[in-house]
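Participant: So here's start.txt (compact mmCIF, C-alpha atoms).
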# COMPACT_ATOMS: atom_id res chain seq x y z
CA GLY A 1 33.51 64.70 20.69
CA THR A 2 32.30 66.76 23.62
CA PRO A 3 31.15 70.36 23.16
CA VAL A 4 34.07 71.81 25.10
CA GLU A 5 35.97 74.69 23.57
CA ARG A 6 39.74 74.74 23.35
CA ARG A 7 40.19 77.27 26.13
CA ASP A 8 37.98 75.52 28.66
CA ARG A 9 39.80 73.90 31.55
CA ILE A 10 38.54 71.74 34.40
CA TYR A 11 40.33 72.12 37.71
CA ILE A 12 39.57 69.92 40.71
CA LEU A 13 40.35 71.34 44.15
CA THR A 14 41.88 68.62 46.33
CA GLY A 15 44.10 70.82 48.47
CA GLY A 16 41.76 71.47 51.39
CA GLU A 17 42.93 70.82 54.93
CA SER A 18 40.04 68.36 55.54
CA ARG A 19 40.01 69.47 59.18
CA ARG A 20 36.39 68.48 59.76
CA MET A 21 36.90 65.07 58.17
CA GLY A 22 40.18 64.44 59.98
CA ARG A 23 41.90 62.86 56.93
CA ASP A 24 42.47 63.68 53.26
CA LYS A 25 38.99 63.58 51.76
CA ALA A 26 40.21 62.79 48.26
CA TRP A 27 40.91 59.16 49.17
CA ILE A 28 37.72 58.44 51.09
CA GLU A 29 35.68 55.79 49.28
CA VAL A 30 32.03 56.26 48.40
CA GLU A 31 30.31 53.25 46.88
CA GLY A 32 33.61 51.51 46.21
CA ARG A 33 35.54 54.38 44.60
CA SER A 34 37.59 57.20 46.11
CA LEU A 35 36.16 60.71 45.87
CA VAL A 36 39.03 61.86 43.65
CA HIS A 37 38.48 58.98 41.22
CA ARG A 38 34.74 59.65 41.13
CA VAL A 39 35.10 63.36 40.32
CA LEU A 40 37.92 62.72 37.83
CA ALA A 41 35.83 60.14 35.97
CA VAL A 42 33.03 62.67 35.44
CA ALA A 43 35.42 65.51 34.56
CA GLU A 44 37.16 63.38 31.95
CA GLU A 45 33.84 62.77 30.21
CA VAL A 46 33.47 66.53 29.73
CA ALA A 47 37.04 67.65 28.97
CA PRO A 48 40.08 65.59 27.99
CA VAL A 49 42.46 66.76 30.72
CA GLY A 50 41.87 67.53 34.36
CA ARG A 51 44.27 69.36 36.66
CA LEU A 52 44.30 68.67 40.36
CA VAL A 53 44.94 71.76 42.47
CA VAL A 54 46.81 70.37 45.46
CA SER A 55 48.51 71.78 48.52
CA PRO A 56 52.32 71.82 48.35
CA ARG A 57 52.43 69.02 50.97
CA GLN A 58 50.32 66.78 48.70
CA THR A 59 52.71 67.03 45.73
CA GLY A 60 55.13 64.72 47.53
CA SER A 61 52.43 62.13 48.23
CA THR A 62 52.97 58.80 46.48
CA ALA A 63 49.20 58.36 46.07
CA TYR A 64 48.87 61.68 44.21
CA GLN A 65 51.95 61.03 42.08
CA GLU A 66 50.61 57.61 41.08
CA LEU A 67 47.20 59.10 40.27
CA ALA A 68 48.82 61.77 38.08
CA ARG A 69 50.76 59.10 36.17
CA GLU A 70 47.76 56.78 35.82
CA ARG A 71 45.40 59.45 34.54
CA THR A 72 47.94 61.64 32.71
CA ILE A 73 46.91 64.68 34.69
CA ARG A 74 48.99 67.41 36.22
CA LEU A 75 49.34 68.15 39.90
CA LEU A 76 49.16 71.90 40.32
CA PRO A 77 50.43 73.04 43.74
CA ASP A 78 48.72 76.04 45.31
CA ARG A 79 50.87 79.11 44.70
CA ILE A 80 50.46 80.02 48.37
CA ALA A 81 49.30 77.35 50.80
CA GLY A 82 46.50 77.93 53.30
CA LEU A 83 44.40 80.45 51.37
CA GLY A 84 41.32 78.24 51.23
CA PRO A 85 39.12 77.64 48.17
CA LEU A 86 39.63 81.21 46.92
CA GLY A 87 43.38 80.58 46.88
CA GLY A 88 42.76 77.37 44.94
CA LEU A 89 40.76 79.33 42.36
CA ALA A 90 43.55 81.91 42.12
CA THR A 91 46.04 79.09 41.37
CA ALA A 92 43.72 77.64 38.70
CA LEU A 93 43.05 81.01 37.02
CA ASP A 94 46.75 81.83 36.98
CA ASP A 95 47.51 78.48 35.35
CA ALA A 96 44.70 78.73 32.78
CA GLY A 97 45.40 82.32 31.69
CA PRO A 98 43.15 85.35 31.11
CA GLU A 99 41.43 84.00 27.99
CA ALA A 100 40.36 80.67 29.51
CA THR A 101 37.19 79.45 31.15
CA VAL A 102 37.84 77.49 34.34
CA LEU A 103 35.25 74.94 35.45
CA LEU A 104 36.09 74.55 39.13
CA LEU A 105 35.05 71.39 40.98
CA ALA A 106 35.56 70.29 44.56
CA VAL A 107 36.88 66.80 45.18
CA ASP A 108 34.21 66.08 47.80
CA LEU A 109 31.19 66.01 45.45
CA PRO A 110 30.62 62.28 44.84
CA TYR A 111 27.43 62.62 42.79
CA LEU A 112 28.39 65.13 40.12
CA THR A 113 27.29 64.05 36.65
CA LYS A 114 28.37 64.72 33.09
CA ALA A 115 24.85 66.00 32.34
CA LEU A 116 25.10 68.63 35.10
CA LEU A 117 28.52 69.88 33.96
CA LEU A 118 27.52 70.07 30.29
CA ARG A 119 24.36 72.00 31.18
CA LEU A 120 26.35 74.38 33.37
CA LEU A 121 28.90 75.00 30.62
CA SER A 122 26.23 75.51 27.97
CA VAL A 123 24.54 78.21 30.08
CA HIS A 124 27.91 79.84 30.73
CA TRP A 125 28.75 80.00 27.01
CA ARG A 126 25.29 81.23 26.08
CA VAL A 127 25.11 83.98 28.72
CA GLY A 128 28.75 85.09 28.43
CA SER A 129 29.09 85.93 32.13
CA ASP A 130 32.34 86.09 34.12
CA LEU A 131 30.95 83.71 36.74
CA THR A 132 28.20 81.13 36.29
CA LEU A 133 27.14 79.08 39.25
CA PRO A 134 24.20 76.82 40.07
CA LEU A 135 21.91 77.07 43.10
CA ASP A 136 20.99 74.01 45.10
CA ALA A 137 17.43 73.02 46.05
CA GLU A 138 17.56 75.45 49.01
CA GLY A 139 18.68 78.30 46.76
CA ARG A 140 22.29 78.32 48.03
CA PRO A 141 25.03 79.20 45.51
CA GLN A 142 27.43 76.35 44.68
CA PRO A 143 30.76 78.07 43.90
CA LEU A 144 32.61 74.73 43.95
CA THR A 145 30.71 73.58 40.86
CA ALA A 146 30.99 76.75 38.81
CA CYS A 147 32.50 78.42 35.72
CA TYR A 148 34.98 81.28 36.16
CA GLU A 149 36.54 83.40 33.41
CA GLY A 150 40.30 83.90 33.54
CA ARG A 151 39.82 87.67 33.57
CA LEU A 152 38.55 87.39 37.17
CA ALA A 153 42.11 86.75 38.39
CA PRO A 154 42.87 90.38 39.43
CA LEU A 155 39.64 90.62 41.45
CA VAL A 156 40.39 87.29 43.14
CA GLY A 157 43.86 88.64 43.99
CA GLN A 158 42.33 91.77 45.55
CA LEU A 159 40.00 89.70 47.71
CA LEU A 160 42.86 87.47 48.89
CA ALA A 161 44.90 90.58 49.74
CA ARG A 162 41.98 91.72 51.93
CA GLY A 163 42.16 88.43 53.82
CA GLU A 164 39.25 86.67 52.09
CA ARG A 165 39.40 82.89 51.76
CA ARG A 166 35.82 82.04 50.74
CA LEU A 167 34.67 81.59 47.16
CA ARG A 168 31.28 83.05 47.94
CA ALA A 169 33.00 86.37 48.70
CA LEU A 170 33.85 86.58 44.99
CA HIS A 171 30.22 85.93 44.08
CA SER A 172 29.06 88.69 46.49
CA GLU A 173 31.70 91.13 45.24
CA LEU A 174 30.80 90.56 41.59
CA GLU A 175 27.08 90.94 42.28
CA SER A 176 27.69 94.32 43.94
CA LEU A 177 30.23 95.59 41.38
CA SER A 178 28.68 94.30 38.17
CA PRO A 179 25.56 92.15 38.50
CA SER A 180 25.46 91.43 34.75
CA CYS A 181 28.84 89.64 35.04
CA CYS A 182 27.36 87.03 37.37
CA CYS A 183 24.86 84.37 36.36
CA THR A 184 23.13 82.12 38.90
CA ILE A 185 21.22 79.13 37.57
CA PRO A 186 18.16 78.11 39.60
CA TYR A 187 17.90 74.52 40.81
CA SER A 188 14.81 74.09 38.61
CA ALA A 189 17.16 74.16 35.59
CA PHE A 190 18.78 70.93 36.87
CA SER A 191 15.90 69.27 38.70
CA ASP A 192 15.02 67.08 35.70
CA LEU A 193 18.47 65.45 35.69
CA SER A 194 18.96 61.95 37.02
CA GLY A 195 20.00 62.05 40.70
CA ALA A 196 19.25 65.79 40.90
CA GLU A 197 18.52 65.69 44.63
CA ARG A 198 22.13 64.75 45.44
CA LEU A 199 24.11 66.51 42.70
CA PHE A 200 25.51 69.05 45.17
CA LEU A 201 25.85 66.79 48.19
CA ASN A 202 29.32 67.34 49.60
CA CYS A 203 31.28 65.36 52.16
CA ASN A 204 32.83 67.66 54.75
CA ARG A 205 32.45 65.49 57.82
CA GLN A 206 32.34 61.77 58.51
CA GLU A 207 28.57 61.98 59.05
CA ASP A 208 28.09 63.45 55.54
CA LEU A 209 29.32 60.24 53.94
CA PRO A 210 26.58 58.07 52.45
CA LEU A 211 25.96 55.03 54.61
CA PRO A 212 26.40 51.64 52.97
CA SER A 213 22.97 50.31 52.11
CA LYS A 214 21.74 47.55 54.38
CA ASP A 215 18.98 45.03 53.97
CA ASP A 216 17.11 45.43 57.23
What does the file become when written as structure tokens?
Facilitator:
Amino acid sequence: GTPVERRDRIYILTGGESRRMGRDKAWIEVEGRSLVHRVLAVAEEVAPVGRLVVSPRQTGSTAYQELARERTIRLLPDRIAGLGPLGGLATALDDAGPEATVLLLAVDLPYLTKALLLRLLSVHWRVGSDLTLPLDAEGRPQPLTACYEGRLAPLVGQLLARGERRLRALHSELESLSPSCCCTIPYSAFSDLSGAERLFLNCNRQEDLPLPSKDD
């Protein structure tokens, strides 16, 4: 079995507008597999059930409905559409409940690994923080590969009411209100993992997609 506690839940955000990409990122293929299938495959190695947080327009999509049936996962429509990643987190926290830990993942991270997620979760459990998030090689927080406690839901609601849409606003708010509730993990804690240099590579635009390898 995997060392995941009963109240841990993995939620994958697929409900972004994909404006910069120009099409639904979830179905873009990287190395022969769609982004959503890649992230799901890793998530399922860590916890038995994933939930896809989707926009209300995506719930009617045949592709998403087929995926949910194939993988026995639930499509979870955003409670309110158009509130960005912070709104997606609010939907996930509301679904999971105040006692749960939510491991939030973005659908556009093709190189996530089981080893990374297990290390992230183990730090989160050991430290007991409300928010645990890794830093990339440049020291930037990665809130779309992070652990959030269900008790953060009211604070997330307050930020949304103030017009916030960005996940990093929650990180900033927590650090100012209660620094001990927030744990950032330096990149050096992950740098020994296989493929470390691309663990946090995300695909926002067409030019972010890995190019097919060519024999020149």
Participant: One decimal, in Å: what's the spacing between atom CA of Asp78 of chain A and atom CA of Ala115 of chain A?
Facilitator: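 Spanning atom CA of Asp78 of chain A to atom CA of Ala115 of chain A is a straight-line distance of 29.0 Å.
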Participant: Give me, please, the distance in Å between atom CA of Arg51 of chain A and atom CA of Ala92 of chain A, quoted to one decimal.
Facilitator: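 Distance between the two atoms: 8.5 Å.
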Participant: Per residue of segment 42-148 of chain A within 9 Å of segment 153-161 of chain A, record the nearest atom pair and its distance in Å to one decimal, counting all atoms listed in the file, with rows in chain order and ascending residue number, as a Markdown table.
Facilitator:
| residue | atom | partner | partner_atom | distance |
| --- | --- | --- | --- | --- |
| A:Leu83 | CA | A:Leu160 | CA | 7.6 |
| A:Leu86 | CA | A:Val156 | CA | 7.2 |
| A:Gly87 | CA | A:Leu160 | CA | 7.2 |
| A:Leu89 | CA | A:Val156 | CA | 8.0 |
| A:Ala90 | CA | A:Ala153 | CA | 6.3 |
| A:Leu93 | CA | A:Ala153 | CA | 6.0 |
| A:Asp94 | CA | A:Ala153 | CA | 6.9 |
| A:Gly97 | CA | A:Ala153 | CA | 8.7 |
| A:Pro98 | CA | A:Ala153 | CA | 7.5 |
Participant: Looking at A:Leu35, A:Leu201, A:Val53, A:Leu121, which one is nearest to Leu75 of chain A, with distances taken over all atoms listed in the file?
Facilitator: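 Once distances to Leu75 of chain A are computed over all atoms listed in the file, the minimum belongs to A:Val53.
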Participant: What lies within 8 Å of segment 109-112 of chain A using all atoms listed in the file, ignoring chain neighbours under 5 positions off, as a list in words?
Facilitator: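 Once the adjacent positions are removed, what remains is Val30, Leu35, Arg38, Val39, Val42, Leu117, Gly195, Arg198, Leu199, Phe200, Leu201, Asn202 and Cys203 of chain A.
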Participant: Could you name the residues that touch Leu40 of chain A at 12 Å or less, counting all atoms listed in the file, but leaving out those on the same chain fewer than 4 positions away, as an MDAnalysis selection string?
Facilitator: chainID A and resid 10:14 26 33:36 44:52 67:68 70:73 105:114
Participant: Go ahead and write the residues just picked, C-alpha atoms, as a PDB file, keeping the file's coordinate frame.
Facilitator:
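And here is the file that came out, selection.pdb:
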ATOM      1  CA  ILE A  10      38.540  71.740  34.400  1.00  0.00           C
ATOM      2  CA  TYR A  11      40.330  72.120  37.710  1.00  0.00           C
ATOM      3  CA  ILE A  12      39.570  69.920  40.710  1.00  0.00           C
ATOM      4  CA  LEU A  13      40.350  71.340  44.150  1.00  0.00           C
ATOM      5  CA  THR A  14      41.880  68.620  46.330  1.00  0.00           C
ATOM      6  CA  ALA A  26      40.210  62.790  48.260  1.00  0.00           C
ATOM      7  CA  ARG A  33      35.540  54.380  44.600  1.00  0.00           C
ATOM      8  CA  SER A  34      37.590  57.200  46.110  1.00  0.00           C
ATOM      9  CA  LEU A  35      36.160  60.710  45.870  1.00  0.00           C
ATOM     10  CA  VAL A  36      39.030  61.860  43.650  1.00  0.00           C
ATOM     11  CA  GLU A  44      37.160  63.380  31.950  1.00  0.00           C
ATOM     12  CA  GLU A  45      33.840  62.770  30.210  1.00  0.00           C
ATOM     13  CA  VAL A  46      33.470  66.530  29.730  1.00  0.00           C
ATOM     14  CA  ALA A  47      37.040  67.650  28.970  1.00  0.00           C
ATOM     15  CA  PRO A  48      40.080  65.590  27.990  1.00  0.00           C
ATOM     16  CA  VAL A  49      42.460  66.760  30.720  1.00  0.00           C
ATOM     17  CA  GLY A  50      41.870  67.530  34.360  1.00  0.00           C
ATOM     18  CA  ARG A  51      44.270  69.360  36.660  1.00  0.00           C
ATOM     19  CA  LEU A  52      44.300  68.670  40.360  1.00  0.00           C
ATOM     20  CA  LEU A  67      47.200  59.100  40.270  1.00  0.00           C
ATOM     21  CA  ALA A  68      48.820  61.770  38.080  1.00  0.00           C
ATOM     22  CA  GLU A  70      47.760  56.780  35.820  1.00  0.00           C
ATOM     23  CA  ARG A  71      45.400  59.450  34.540  1.00  0.00           C
ATOM     24  CA  THR A  72      47.940  61.640  32.710  1.00  0.00           C
ATOM     25  CA  ILE A  73      46.910  64.680  34.690  1.00  0.00           C
ATOM     26  CA  LEU A 105      35.050  71.390  40.980  1.00  0.00           C
ATOM     27  CA  ALA A 106      35.560  70.290  44.560  1.00  0.00           C
ATOM     28  CA  VAL A 107      36.880  66.800  45.180  1.00  0.00           C
ATOM     29  CA  ASP A 108      34.210  66.080  47.800  1.00  0.00           C
ATOM     30  CA  LEU A 109      31.190  66.010  45.450  1.00  0.00           C
ATOM     31  CA  PRO A 110      30.620  62.280  44.840  1.00  0.00           C
ATOM     32  CA  TYR A 111      27.430  62.620  42.790  1.00  0.00           C
ATOM     33  CA  LEU A 112      28.390  65.130  40.120  1.00  0.00           C
ATOM     34  CA  THR A 113      27.290  64.050  36.650  1.00  0.00           C
ATOM     35  CA  LYS A 114      28.370  64.720  33.090  1.00  0.00           C
TER      36      LYS A 114
END
Participant: Provide the atom CA of Thr62 of chain A to atom CA of Ala81 of chain A distance in Å, to one decimal place.
Facilitator: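 Atom CA of Ala81 of chain A lies 19.4 Å from atom CA of Thr62 of chain A.
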Participant: Please, which residues in segment 84-160 of chain A fall within 6 Å of segment 165-183 of chain A when counting all atoms listed in the file, and what is the closest atom pair and distance in Å to one decimal for each, ordered by chain then residue number, as JSON lines?
Facilitator:
{"residue": "A:Gly84", "atom": "CA", "partner": "A:Arg165", "partner_atom": "CA", "distance": 5.1}
{"residue": "A:Leu86", "atom": "CA", "partner": "A:Leu167", "partner_atom": "CA", "distance": 5.0}
{"residue": "A:Ser129", "atom": "CA", "partner": "A:Cys181", "partner_atom": "CA", "distance": 4.7}
{"residue": "A:Asp130", "atom": "CA", "partner": "A:Cys181", "partner_atom": "CA", "distance": 5.1}
{"residue": "A:Leu131", "atom": "CA", "partner": "A:Cys182", "partner_atom": "CA", "distance": 4.9}
{"residue": "A:Thr132", "atom": "CA", "partner": "A:Cys183", "partner_atom": "CA", "distance": 4.7}
Participant: For Asp8 of chain A, which of A:Cys147, A:Leu76, A:Leu135, A:Val54 is the closest residue, counting only C-alpha atoms?
Facilitator: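 The closest residue to Asp8 of chain A is A:Cys147.
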